[in-house]
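Quick look at model.cif (mmCIF, C-alpha atoms):
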```cif
data_entry
#
loop_
_atom_site.label_atom_id
_atom_site.label_comp_id
_atom_site.auth_asym_id
_atom_site.auth_seq_id
_atom_site.Cartn_x
_atom_site.Cartn_y
_atom_site.Cartn_z
CA MET A 1115 -160.08 8.19 -75.53
CA ALA A 1116 -158.02 10.70 -73.61
CA ASN A 1117 -158.67 13.46 -76.15
CA THR A 1118 -162.43 13.04 -76.03
CA ASP A 1119 -162.34 13.02 -72.25
CA THR A 1120 -160.24 16.16 -72.15
CA PHE A 1121 -162.52 17.85 -74.67
CA ASN A 1122 -165.61 16.91 -72.67
CA LYS A 1123 -164.08 18.23 -69.44
CA LEU A 1124 -162.93 21.49 -70.98
CA GLU A 1125 -166.23 22.01 -72.80
CA LEU A 1126 -168.04 21.44 -69.51
CA GLU A 1127 -165.85 24.11 -67.90
CA LEU A 1128 -166.77 26.54 -70.69
CA ARG A 1129 -170.45 25.78 -70.33
CA ARG A 1130 -170.30 26.19 -66.54
CA GLY A 1131 -168.93 29.66 -67.09
CA VAL A 1132 -171.94 30.77 -69.11
CA VAL A 1133 -174.81 28.86 -67.47
CA VAL A 1134 -175.63 31.64 -64.99
CA LEU A 1135 -175.51 34.37 -67.63
CA ALA A 1136 -177.64 32.33 -70.02
CA THR A 1137 -180.20 31.65 -67.30
CA LEU A 1138 -180.42 35.24 -66.11
CA SER A 1139 -180.76 36.46 -69.70
CA GLN A 1140 -183.94 34.45 -70.15
CA LEU A 1141 -185.59 35.65 -66.95
CA ARG A 1142 -186.31 39.25 -67.86
CA ALA A 1143 -189.91 38.01 -68.06
CA PRO A 1144 -191.30 35.43 -65.58
CA ARG A 1145 -190.74 31.79 -66.55
CA TYR A 1146 -191.13 28.53 -64.74
CA GLY A 1147 -188.38 25.91 -64.72
CA TYR A 1148 -189.44 23.67 -67.57
CA GLU A 1149 -190.41 26.60 -69.79
CA LEU A 1150 -187.03 28.22 -69.13
CA ARG A 1151 -185.22 25.02 -70.02
CA GLN A 1152 -187.14 24.82 -73.30
CA ALA A 1153 -186.34 28.48 -74.07
CA LEU A 1154 -182.65 27.93 -73.46
CA SER A 1155 -182.64 24.73 -75.45
CA ASP A 1156 -184.49 26.36 -78.38
CA LYS A 1157 -181.77 29.03 -78.49
CA GLY A 1158 -178.98 26.46 -78.57
CA MET A 1159 -178.08 26.37 -74.87
CA PRO A 1160 -179.53 23.16 -73.45
CA ILE A 1161 -178.95 22.87 -69.71
CA GLU A 1162 -179.64 19.67 -67.79
CA GLU A 1163 -182.70 19.79 -65.56
CA GLY A 1164 -180.68 18.56 -62.60
CA THR A 1165 -178.44 21.61 -62.98
CA LEU A 1166 -180.95 24.27 -63.98
CA TYR A 1167 -183.67 23.79 -61.34
CA PRO A 1168 -181.32 23.92 -58.34
CA LEU A 1169 -179.57 26.90 -59.95
CA LEU A 1170 -182.84 28.85 -59.98
CA ARG A 1171 -183.22 28.30 -56.23
CA ARG A 1172 -179.61 29.30 -55.58
CA LEU A 1173 -179.96 32.50 -57.62
CA GLU A 1174 -183.11 33.28 -55.68
CA THR A 1175 -181.30 32.73 -52.38
CA GLN A 1176 -178.54 35.04 -53.61
CA GLY A 1177 -181.16 37.76 -54.02
CA LEU A 1178 -181.09 37.98 -57.83
CA LEU A 1179 -184.47 36.40 -58.63
CA LYS A 1180 -187.97 36.69 -57.29
CA SER A 1181 -190.48 33.89 -57.60
CA GLU A 1182 -194.14 33.14 -57.06
CA TRP A 1183 -196.48 30.19 -57.41
CA LYS A 1184 -199.15 30.56 -60.09
CA LEU A 1185 -202.01 28.31 -61.07
CA GLU A 1186 -202.05 27.79 -64.82
CA GLY A 1187 -204.05 25.25 -66.79
CA GLY A 1188 -204.82 23.33 -63.61
CA SER A 1189 -201.12 23.06 -62.67
CA GLN A 1190 -199.29 25.04 -60.04
CA ARG A 1191 -195.99 26.40 -61.29
CA ARG A 1192 -193.29 28.44 -59.67
CA TYR A 1193 -192.38 31.40 -61.88
CA TYR A 1194 -188.99 33.05 -61.61
CA SER A 1195 -187.92 36.46 -62.87
CA LEU A 1196 -185.14 38.97 -62.29
CA ASN A 1197 -185.58 41.42 -59.45
CA ALA A 1198 -183.99 44.89 -59.43
CA ASP A 1199 -180.62 43.59 -58.22
CA GLY A 1200 -180.75 40.77 -60.76
CA ARG A 1201 -181.33 43.24 -63.58
CA LYS A 1202 -178.39 45.39 -62.51
CA LEU A 1203 -176.16 42.36 -62.23
CA LEU A 1204 -177.26 41.02 -65.60
CA LYS A 1205 -176.40 44.37 -67.21
CA LYS A 1206 -172.90 44.25 -65.76
CA LEU A 1207 -172.41 40.60 -66.67
CA VAL A 1208 -173.56 41.26 -70.24
CA GLU A 1209 -171.03 44.11 -70.59
CA SER A 1210 -168.32 41.90 -69.18
CA TRP A 1211 -169.30 39.01 -71.44
CA GLN A 1212 -169.31 41.24 -74.52
CA GLY A 1213 -165.84 42.51 -73.66
CA MET A 1214 -164.56 38.97 -73.25
CA ASN A 1215 -166.35 37.85 -76.39
CA ASP A 1216 -164.71 40.61 -78.46
CA ALA A 1217 -161.33 39.73 -76.99
CA MET A 1218 -161.82 36.04 -77.69
CA ASN A 1219 -162.92 36.71 -81.26
CA GLU A 1220 -159.75 38.71 -81.73
CA LEU A 1221 -157.62 36.01 -80.13
CA LEU A 1222 -159.19 33.22 -82.11
CA LYS A 1223 -158.72 34.92 -85.47
CA GLU A 1224 -156.31 32.83 -87.51
CA ASP A 1225 -153.25 34.75 -88.67
CA MET B 405 -193.68 -4.58 -54.75
CA LYS B 406 -193.82 -3.46 -58.35
CA MET B 407 -193.49 0.28 -58.74
CA ASN B 408 -195.30 2.40 -61.29
CA ALA B 409 -193.97 5.62 -62.82
CA ASN B 410 -195.55 7.75 -60.08
CA ASP B 411 -193.90 5.67 -57.37
CA VAL B 412 -190.52 6.07 -59.08
CA VAL B 413 -190.93 9.85 -59.30
CA GLU B 414 -192.10 10.07 -55.68
CA ALA B 415 -189.13 7.99 -54.53
CA TYR B 416 -186.73 10.24 -56.44
CA VAL B 417 -188.28 13.46 -55.14
CA THR B 418 -188.20 12.12 -51.59
CA ASP B 419 -184.54 11.12 -51.92
CA VAL B 420 -183.66 14.66 -53.04
CA ALA B 421 -185.91 16.50 -50.58
CA LEU B 422 -184.73 14.56 -47.53
CA GLN B 423 -181.27 16.04 -48.04
CA LEU B 424 -182.53 19.63 -48.00
CA SER B 425 -183.27 21.88 -45.05
CA ARG B 426 -186.73 21.58 -43.54
CA LYS B 427 -187.37 25.17 -44.56
CA GLN B 428 -187.17 24.51 -48.30
CA ARG B 429 -187.78 20.74 -48.40
CA ASN B 430 -191.53 20.61 -49.15
CA ASP B 431 -191.57 23.55 -51.52
CA VAL B 432 -188.69 22.18 -53.59
CA ALA B 433 -190.25 18.71 -53.58
CA PHE B 434 -193.55 20.09 -54.91
CA GLU B 435 -191.84 22.06 -57.66
CA LEU B 436 -189.44 19.24 -58.56
CA ARG B 437 -192.23 16.70 -58.88
CA ALA B 438 -194.22 19.01 -61.17
CA LEU B 439 -191.18 19.70 -63.35
CA ILE B 440 -190.23 16.02 -63.58
CA ASN B 441 -193.78 15.06 -64.52
CA GLU B 442 -193.89 17.73 -67.20
CA GLY B 443 -190.53 16.64 -68.60
CA LEU B 444 -191.60 13.02 -68.54
CA GLN B 445 -194.84 13.86 -70.33
CA ASP B 446 -192.94 15.66 -73.10
CA LYS B 447 -190.50 12.78 -73.41
CA ALA B 448 -193.39 10.34 -73.81
CA GLU B 449 -194.93 12.48 -76.54
CA GLU B 450 -191.57 12.82 -78.31
CA THR B 451 -190.84 9.10 -78.29
CA GLY B 452 -194.42 7.85 -78.61
CA ARG B 453 -194.01 5.66 -75.55
CA VAL B 454 -196.36 5.18 -72.65
CA ILE B 455 -194.96 6.40 -69.36
CA ASP B 456 -194.00 3.46 -67.17
CA ALA B 457 -191.56 2.78 -64.33
CA ALA B 458 -188.70 1.90 -66.69
CA MET B 459 -189.11 5.11 -68.65
CA ALA B 460 -189.33 7.19 -65.46
CA THR B 461 -186.18 5.54 -64.09
CA GLU B 462 -184.34 6.20 -67.34
CA PHE B 463 -185.48 9.84 -67.35
CA LEU B 464 -184.47 10.37 -63.73
CA ASN B 465 -181.08 8.77 -64.22
CA ALA B 466 -180.44 11.36 -66.92
CA PHE B 467 -181.67 14.01 -64.47
CA GLY B 468 -178.87 13.12 -62.07
CA HIS B 469 -178.39 11.09 -58.90
CA PRO B 470 -180.53 12.46 -56.04
CA ASP B 471 -177.39 13.08 -53.93
CA VAL B 472 -175.86 15.18 -56.70
CA VAL B 473 -179.05 17.09 -57.42
CA ALA B 474 -179.66 17.74 -53.71
CA ALA B 475 -176.08 19.03 -53.37
CA ARG B 476 -176.76 21.51 -56.16
CA TYR B 477 -179.69 22.95 -54.22
CA ARG B 478 -177.47 23.70 -51.26
CA PRO B 479 -174.77 26.36 -51.15
CA ALA B 480 -171.31 24.85 -51.65
CA LEU B 481 -169.68 24.02 -48.32
CA ASN B 482 -165.99 23.22 -48.02
CA VAL B 483 -165.04 21.93 -44.59
CA ILE B 484 -161.40 22.21 -45.64
CA ASP B 485 -160.39 25.11 -47.84
CA PRO B 486 -159.55 23.68 -51.31
CA ALA B 487 -156.29 25.65 -51.18
CA ASP B 488 -155.35 23.60 -48.09
CA GLY B 489 -156.23 20.22 -49.65
CA GLN B 490 -152.64 19.26 -50.48
CA LYS B 491 -151.35 20.47 -47.09
CA PHE B 492 -154.03 18.42 -45.35
CA LEU B 493 -153.18 15.25 -47.29
CA ARG B 494 -149.45 15.72 -46.72
CA ALA B 495 -149.90 16.33 -42.98
CA THR B 496 -152.21 13.29 -42.77
CA PHE B 497 -149.83 10.90 -44.51
CA ILE B 498 -146.67 12.16 -42.79
CA GLY B 499 -148.35 12.07 -39.37
CA LEU B 500 -149.72 8.56 -39.91
CA ALA B 501 -146.36 7.34 -41.20
CA ILE B 502 -144.61 8.68 -38.07
CA ILE B 503 -147.21 7.20 -35.68
CA TRP B 504 -147.19 3.82 -37.45
CA GLY B 505 -143.39 3.86 -37.64
CA LEU B 506 -143.01 4.61 -33.92
CA GLY B 507 -145.49 1.81 -33.24
CA LEU B 508 -143.40 -0.57 -35.35
CA LEU B 509 -140.35 0.18 -33.19
CA GLU B 510 -142.08 -1.68 -30.36
CA LEU B 511 -142.92 -4.63 -32.59
CA PRO B 512 -139.74 -6.71 -31.98
CA GLN B 513 -140.13 -6.37 -28.19
CA THR B 514 -143.82 -7.31 -28.31
CA ALA B 515 -143.14 -10.13 -30.78
CA SER B 516 -140.65 -11.68 -28.37
CA ASP B 517 -143.34 -11.73 -25.67
CA VAL B 518 -146.47 -12.80 -27.59
CA GLY B 519 -145.28 -13.97 -31.01
CA PHE B 520 -145.03 -12.09 -34.31
CA LEU B 521 -148.62 -12.47 -35.52
CA ASN B 522 -150.08 -11.42 -32.17
CA ALA B 523 -147.66 -8.48 -32.05
CA LEU B 524 -148.75 -7.48 -35.56
CA ALA B 525 -152.43 -7.71 -34.56
CA LYS B 526 -151.70 -5.60 -31.48
CA TRP B 527 -149.86 -3.03 -33.62
CA TRP B 528 -152.81 -2.94 -36.01
CA MET B 529 -155.40 -2.46 -33.26
CA ASP B 530 -153.46 -0.15 -30.95
CA THR B 531 -151.37 1.89 -33.37
CA VAL B 532 -153.04 1.82 -36.79
CA ILE B 533 -156.68 1.98 -35.67
CA GLY B 534 -155.68 4.16 -32.73
CA SER B 535 -153.92 6.60 -35.06
CA LEU B 536 -157.21 7.66 -36.65
CA TRP B 537 -157.37 10.45 -34.08
CA TRP B 538 -154.71 12.21 -36.17
CA PRO B 539 -156.81 12.77 -39.36
CA GLY B 540 -159.68 13.76 -37.05
CA VAL B 541 -157.56 16.40 -35.34
CA LEU B 542 -156.39 17.66 -38.75
CA VAL B 543 -159.95 17.89 -40.12
CA ALA B 544 -161.00 19.85 -37.04
CA GLY B 545 -157.92 22.10 -37.25
CA PHE B 546 -158.17 22.80 -40.98
CA GLY B 547 -161.96 23.17 -40.65
CA ILE B 548 -161.62 25.79 -37.92
CA SER B 549 -158.93 27.54 -39.94
CA ALA B 550 -161.20 27.60 -43.04
CA TRP B 551 -164.11 28.92 -40.96
CA VAL B 552 -161.95 31.65 -39.43
CA GLY B 553 -160.71 32.53 -42.93
CA ARG B 554 -164.28 32.91 -44.20
CA ARG B 555 -165.47 34.75 -41.10
CA TRP B 556 -162.55 37.19 -40.93
CA PRO B 557 -160.97 37.23 -44.40
CA LYS B 558 -157.26 38.00 -44.43
CA ASN B 559 -155.77 40.75 -46.49
CA PRO B 560 -155.19 38.92 -49.80
CA GLU B 561 -152.22 41.13 -50.60
CA TRP B 562 -149.01 39.12 -50.84
CA LYS B 563 -146.00 40.47 -49.01
CA PRO B 564 -142.57 39.28 -50.15
CA LYS B 565 -140.39 37.53 -47.58
CA SER B 566 -136.72 36.96 -48.22
CA ASN B 567 -135.73 33.32 -48.41
CA ASP B 568 -132.51 34.27 -46.62
CA ARG B 569 -134.26 35.89 -43.66
CA ILE B 570 -133.40 34.78 -40.15
CA ARG B 571 -136.41 32.90 -38.82
CA GLY B 572 -137.35 34.45 -35.49
CA GLY B 573 -135.35 37.56 -36.38
CA ARG B 574 -132.09 38.79 -34.85
CA LEU B 575 -133.57 38.60 -31.36
CA GLY B 576 -134.32 34.92 -31.88
CA MET B 577 -130.77 34.35 -33.07
CA VAL B 578 -129.33 36.16 -30.01
CA MET B 579 -131.51 34.03 -27.74
CA GLY B 580 -130.34 30.92 -29.63
CA LEU B 581 -126.74 32.01 -29.13
CA PHE B 582 -127.22 32.42 -25.39
CA GLY B 583 -129.05 29.07 -25.34
CA VAL B 584 -126.09 27.31 -26.95
CA MET B 585 -123.65 28.98 -24.53
CA PHE B 586 -125.79 28.11 -21.52
CA GLY B 587 -126.28 24.55 -22.78
CA LEU B 588 -122.55 24.16 -23.29
CA TYR B 589 -121.89 25.35 -19.75
CA ILE B 590 -124.31 22.75 -18.37
CA LEU B 591 -122.89 20.05 -20.62
CA ALA B 592 -119.37 20.88 -19.47
CA GLU B 593 -120.36 20.46 -15.84
CA PRO B 594 -123.90 19.04 -15.43
CA ARG B 595 -123.49 18.79 -11.65
CA TRP B 596 -123.65 22.60 -11.56
CA VAL B 597 -127.47 22.27 -11.91
CA LEU B 598 -127.57 20.30 -8.66
CA ASP B 599 -125.56 22.99 -6.89
CA VAL B 600 -127.91 25.70 -8.15
CA VAL B 601 -131.15 23.86 -7.35
CA TRP B 602 -130.16 22.22 -4.05
CA GLY B 603 -127.45 24.64 -2.99
CA GLY B 604 -124.80 21.93 -3.07
CA HIS B 605 -126.79 19.64 -0.75
CA ALA B 606 -128.11 17.13 -3.30
CA ALA B 607 -127.75 13.42 -2.54
CA PRO B 608 -124.37 11.90 -3.53
CA VAL B 609 -126.16 9.50 -5.85
CA ALA B 610 -127.47 12.52 -7.81
CA TYR B 611 -123.92 13.79 -8.26
CA GLN B 612 -122.85 10.34 -9.36
CA ALA B 613 -125.73 10.20 -11.86
CA LEU B 614 -124.47 13.38 -13.52
CA THR B 615 -120.81 12.43 -13.60
CA TYR B 616 -119.34 11.63 -17.01
CA THR B 617 -117.49 8.38 -17.52
CA ASP B 618 -113.77 8.62 -18.15
CA SER B 619 -114.07 7.03 -21.58
CA PHE B 620 -116.62 9.70 -22.65
CA LEU B 621 -114.48 12.52 -21.28
CA GLN B 622 -111.41 11.22 -23.10
CA LEU B 623 -112.86 10.51 -26.55
CA GLN B 624 -116.46 11.38 -27.53
CA GLY B 625 -116.95 14.29 -25.12
CA PRO B 626 -114.28 16.67 -26.47
CA ILE B 627 -115.36 16.04 -30.08
CA LEU B 628 -119.03 16.62 -29.31
CA PHE B 629 -118.35 19.76 -27.28
CA THR B 630 -116.05 21.17 -29.97
CA LEU B 631 -118.69 20.59 -32.59
CA ILE B 632 -121.35 22.34 -30.52
CA LEU B 633 -118.87 25.11 -29.69
CA LEU B 634 -118.49 25.79 -33.42
CA TYR B 635 -122.16 26.83 -33.54
CA ILE B 636 -121.20 30.01 -31.63
CA PRO B 637 -119.11 31.57 -34.44
CA PHE B 638 -121.75 30.36 -36.91
CA PHE B 639 -124.54 32.17 -35.03
CA ILE B 640 -122.38 35.28 -34.75
CA ALA B 641 -121.68 35.17 -38.52
CA VAL B 642 -125.42 34.98 -39.25
CA LEU B 643 -126.06 37.85 -36.83
CA VAL B 644 -123.39 40.01 -38.46
CA LYS B 645 -124.65 39.25 -41.99
CA GLY B 646 -128.25 39.74 -40.89
CA ARG B 647 -129.36 36.86 -43.12
CA HIS B 648 -128.63 33.27 -44.09
CA THR B 649 -126.41 33.50 -47.14
CA PRO B 650 -126.21 30.40 -49.40
CA MET B 651 -122.74 29.67 -47.96
CA LEU B 652 -124.01 29.93 -44.36
CA ARG B 653 -126.89 27.62 -45.29
CA ARG B 654 -124.48 25.05 -46.65
CA ILE B 655 -122.31 25.32 -43.52
CA GLU B 656 -125.41 24.93 -41.33
CA THR B 657 -126.56 21.83 -43.22
CA ALA B 658 -123.09 20.25 -43.13
CA SER B 659 -122.60 20.97 -39.42
CA SER B 660 -126.09 19.64 -38.60
CA LEU B 661 -125.36 16.40 -40.44
CA LEU B 662 -121.95 16.12 -38.80
CA THR B 663 -123.42 16.77 -35.34
CA CYS B 664 -126.11 14.13 -35.96
CA ALA B 665 -123.47 11.62 -37.05
CA VAL B 666 -121.33 12.32 -33.97
CA MET B 667 -124.36 12.07 -31.68
CA VAL B 668 -125.26 8.68 -33.18
CA TRP B 669 -121.65 7.61 -32.66
CA VAL B 670 -121.84 8.78 -29.02
CA ILE B 671 -125.15 6.96 -28.48
CA MET B 672 -123.78 3.75 -29.97
CA GLY B 673 -120.51 4.08 -28.05
CA GLY B 674 -119.94 3.38 -24.39
CA PRO B 675 -121.77 4.94 -21.44
CA ILE B 676 -121.86 8.71 -21.11
CA PHE B 677 -122.82 8.92 -17.42
CA MET B 678 -121.87 6.78 -14.45
CA THR B 679 -125.40 5.47 -13.76
CA ALA B 680 -127.52 3.50 -16.21
CA THR B 681 -130.68 5.61 -15.68
CA SER B 682 -129.13 8.99 -16.44
CA ASP B 683 -127.13 7.43 -19.27
CA GLY B 684 -130.25 5.92 -20.85
CA MET B 685 -132.23 9.13 -20.43
CA THR B 686 -129.46 11.24 -21.99
CA LYS B 687 -129.12 8.87 -24.93
CA LEU B 688 -132.88 8.94 -25.49
CA LEU B 689 -132.84 12.75 -25.51
CA MET B 690 -129.90 12.74 -27.93
CA LEU B 691 -131.74 10.30 -30.19
CA LEU B 692 -134.79 12.58 -30.20
CA ILE B 693 -132.57 15.57 -31.07
CA VAL B 694 -131.05 13.59 -33.96
CA ILE B 695 -134.49 12.57 -35.27
CA PHE B 696 -135.80 16.13 -34.97
CA SER B 697 -132.72 17.58 -36.70
CA LEU B 698 -132.98 15.08 -39.56
CA ILE B 699 -136.70 15.85 -39.99
CA VAL B 700 -135.91 19.59 -40.11
CA LEU B 701 -133.19 18.96 -42.72
CA ALA B 702 -135.52 16.74 -44.77
CA VAL B 703 -138.27 19.39 -44.67
CA GLN B 704 -135.79 22.10 -45.71
CA MET B 705 -134.61 19.94 -48.59
CA TYR B 706 -138.20 19.18 -49.65
CA GLN B 707 -139.12 22.85 -49.52
CA SER B 708 -136.10 24.06 -51.47
CA VAL B 709 -136.79 25.52 -54.92
CA LYS B 710 -134.12 25.73 -57.58
CA PRO B 711 -135.63 27.09 -60.78
CA THR B 712 -134.25 24.80 -63.51
CA PRO B 713 -135.70 23.78 -66.90
CA ASN B 714 -136.47 20.07 -67.03
CA GLN B 715 -134.79 19.79 -70.42
CA GLN B 716 -131.94 21.52 -72.18
CA PRO B 717 -133.18 24.51 -74.22
CA GLN B 718 -132.66 24.15 -77.97
CA ILE B 719 -130.34 26.68 -79.55
CA GLN B 720 -132.09 28.49 -82.40
#
```
Representation of the structure as structure tokens:
Amino acid sequence: MANTDTFNKLELELRRGVVVLATLSQLRAPRYGYELRQALSDKGMPIEEGTLYPLLRRLETQGLLKSEWKLEGGSQRRYYSLNADGRKLLKKLVESWQGMNDAMNELLKED
Amino acid sequence: MKMNANDVVEAYVTDVALQLSRKQRNDVAFELRALINEGLQDKAEETGRVIDAAMATEFLNAFGHPDVVAARYRPALNVIDPADGQKFLRATFIGLAIIWGLGLLELPQTASDVGFLNALAKWWMDTVIGSLWWPGVLVAGFGISAWVGRRWPKNPEWKPKSNDRIRGGRLGMVMGLFGVMFGLYILAEPRWVLDVVWGGHAAPVAYQALTYTDSFLQLQGPILFTLILLYIPFFIAVLVKGRHTPMLRRIETASSLLTCAVMVWVIMGGPIFMTATSDGMTKLLMLLIVIFSLIVLAVQMYQSVKPTPNQQPQIQ
């Protein structure tokens, strides 16, 4: 179905736009990959593992996250959290998102 | 060998990690394996199944192909700037079409020597396979251009350029004007070149080679020279106006087409020069000028923009 395909593609575009913001928002406190995925999913923003785990590494390379290995319950896990730059960026992104969100709410109001 | 769930996970992690830099490979592999195992464990608890190879394969297929996942770990790299993608494809196809077409011109000659199928095989091997250097050159060229663009970003500000501007500026047009006048002088008396270069002491055969035939001087020559002569007032008109007006553009297109037609007529007609070598060489040069002019006209036509709605607007 062309319509379903188009919807899926456009929805994917929308989700791509918010994946970074959603991820950063849940890293104010340290979390490891699987825990972060669960947190996002519990709040209605499931992100595929194959997308989320590489994203964490890329955000770290971009200097927005810090990470460390921790031993917990016999398992070693890599915990990620925002660093100072990441916090500043998140603040700006949140302001920008809220502005866009208000504008979109206004635009999407039915006359 | 039958694989168990651990083997499947190890194979997946290895396939991803091998595509990463040595610096991050082992660390990512360790983390990825732990995360996959944890996800798999949760999935087993959710579904009440025992983890086996089939379940691990199913889980990892949902995770994503190792090539795709590995690509997500790396920063995006575009060898060719996405903005240049269309230009690259166009240049590739046009270039290949020209190379293959030129190769096909030789086909009848080769076919008469070795037979059609052998000639076709030769064309395929020599021209088609041989033409693959062209996309390679384009990839390298566009790649270098993209790298330069990233390394030294250009000012993104757009500066308007008039569509009517004279390409090369007024100076270019003046040089073109002198070029036409100089060319006409040589065409009127090609033996003048011999006098200038050899001080009038060139071999008689050289003078004969650059002597027009009577038939050319009586019929085709005057028409061709007149046509080229008309470019002088055209160039002057463009210089005076300082731009190509729509009318001047139309005149230029019409005169180019007319000149091409006359040149083809001259080529197809009788000999231009007294000797076969100089005649053949001149005709080849004229043919190349015709082809080049037609390509320029085709490109201009392709690049023309005439804002027009694709349907009649409804009156409300």
Residues of chain B within 9 Å of chain A: nearest atom pair and distance (Å, one decimal) for each, counting all atoms listed in the file, sorted by chain and number, as a Markdown table?
```
| residue | atom | partner | partner_atom | distance |
| --- | --- | --- | --- | --- |
| B:Val432 | CA | A:Arg1171 | CA | 8.6 |
| B:Glu435 | CA | A:Arg1192 | CA | 6.8 |
| B:Leu436 | CA | A:Tyr1167 | CA | 7.9 |
| B:Ala438 | CA | A:Arg1191 | CA | 7.6 |
| B:Leu439 | CA | A:Tyr1148 | CA | 6.0 |
| B:Ile440 | CA | A:Glu1163 | CA | 8.7 |
| B:Glu442 | CA | A:Tyr1148 | CA | 7.4 |
| B:Gly443 | CA | A:Tyr1148 | CA | 7.2 |
| B:Ala466 | CA | A:Glu1162 | CA | 8.4 |
| B:Phe467 | CA | A:Gly1164 | CA | 5.0 |
| B:Gly468 | CA | A:Gly1164 | CA | 5.8 |
| B:His469 | CA | A:Gly1164 | CA | 8.6 |
| B:Pro470 | CA | A:Gly1164 | CA | 9.0 |
| B:Val472 | CA | A:Gly1164 | CA | 8.3 |
| B:Val473 | CA | A:Gly1164 | CA | 5.6 |
| B:Ala474 | CA | A:Pro1168 | CA | 7.9 |
| B:Ala475 | CA | A:Pro1168 | CA | 8.7 |
| B:Arg476 | CA | A:Pro1168 | CA | 5.6 |
| B:Tyr477 | CA | A:Pro1168 | CA | 4.5 |
| B:Arg478 | CA | A:Arg1172 | CA | 7.4 |
| B:Pro479 | CA | A:Arg1172 | CA | 7.2 |
```
Expected file: the selected residues, C-alpha atoms, as a CSV table (one decimal), in the coordinates of the input:
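Okay, result.csv is ready:
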```
chain,number,residue,atom,x,y,z
B,432,VAL,CA,-188.7,22.2,-53.6
B,435,GLU,CA,-191.8,22.1,-57.7
B,436,LEU,CA,-189.4,19.2,-58.6
B,438,ALA,CA,-194.2,19.0,-61.2
B,439,LEU,CA,-191.2,19.7,-63.4
B,440,ILE,CA,-190.2,16.0,-63.6
B,442,GLU,CA,-193.9,17.7,-67.2
B,443,GLY,CA,-190.5,16.6,-68.6
B,466,ALA,CA,-180.4,11.4,-66.9
B,467,PHE,CA,-181.7,14.0,-64.5
B,468,GLY,CA,-178.9,13.1,-62.1
B,469,HIS,CA,-178.4,11.1,-58.9
B,470,PRO,CA,-180.5,12.5,-56.0
B,472,VAL,CA,-175.9,15.2,-56.7
B,473,VAL,CA,-179.0,17.1,-57.4
B,474,ALA,CA,-179.7,17.7,-53.7
B,475,ALA,CA,-176.1,19.0,-53.4
B,476,ARG,CA,-176.8,21.5,-56.2
B,477,TYR,CA,-179.7,23.0,-54.2
B,478,ARG,CA,-177.5,23.7,-51.3
B,479,PRO,CA,-174.8,26.4,-51.2
```
- note - atom CA of Ser549 of chain B and atom CA of Gly505 of chain B are separated by 28.4 Å
- Query: In Å to one decimal, how far is atom CA of Ala641 of chain B from atom CA of Ile655 of chain B?
  - Reply: 11.1 Å
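Once the PyMOL selection byres ((chain B and resi 692-705) around 9) is applied to the depicted file, the selected set reads Thr657, Ser660, Leu661, Thr663, Cys664, Ala665, Met667, Val668, Lys687, Leu688, Leu689, Met690, Leu691, Tyr706, Gln707, Ser708 and Val709 of chain B.
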- Message: Neighbouring residues of Leu1135 of chain A were defined as those with any atom within 10 Å, considering only C-alpha atoms; residues of the same chain fewer than 4 positions away were excluded. Please report them as a PyMOL selection string.
- Response: chain A and resi 1130-1131+1139-1140+1203-1204+1207-1208+1211
- Task: Using the chain letters and residue numbers of this document, give as a PyMOL selection string the residues selected by the PyMOL selection byres ((chain B and resi 417-424) around 6).
- Result: chain B and resi 414-416+425+429+433+470+474
- Task: To one decimal in Å, tell me the separation between atom CA of Ile1161 of chain A and atom CA of Met459 of chain B.
- Result: 20.5 Å
Assuming 3 Å of padding per side, give the centre and edge lengths of the axis-aligned box around every listed atom of segment 1158-1177 of chain A, in Å to one decimal and as JSON.
```
{"center_x": -180.9, "center_y": 28.2, "center_z": -65.5, "size_x": 11.6, "size_y": 25.2, "size_z": 32.2}
```
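Each of A:Leu1222, A:Ala1198, A:Met1214, A:Leu1179 was compared to Val1134 of chain A using only C-alpha atoms, and A:Leu1179 turns out to be the nearest.
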- Message: Can you spell out as a PyMOL selection string the set of residues that the PyMOL selection byres ((chain B and resi 610) around 12) selects in the structure I just provided?
- Response: chain B and resi 594-599+601-602+604-609+611-615+677-679+681-682
- Note on the structure: Among B:Thr630, B:Thr712, B:Thr461, B:Asn482, Arg554 of chain B is approached most closely, using all atoms listed in the file, by B:Asn482
- Query: segment 535-548 of chain B: which residues within 8 Å, counting all atoms listed in the file, same-chain residues fewer than 5 positions away excluded, as an NGL selection string?
  - Reply: :B and (483-485 or 488 or 492 or 495-496 or 499-500 or 503-504 or 530)
- Do you know which residues are at most 12 Å from Lys447 of chain B counting all atoms listed in the file, after dropping those on the same chain fewer than 3 positions away, and could you put them as a PyMOL selection string? chain B and resi 440-444+450-456+459-460+462-464
- Item | Which of B:Gln428, B:Thr531, B:Thr649, B:Asn465 sits closest to Ile502 of chain B [using only C-alpha atoms] |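 Going through B:Gln428, B:Thr531, B:Thr649, B:Asn465 one by one, the smallest distance to Ile502 of chain B is for B:Thr531.
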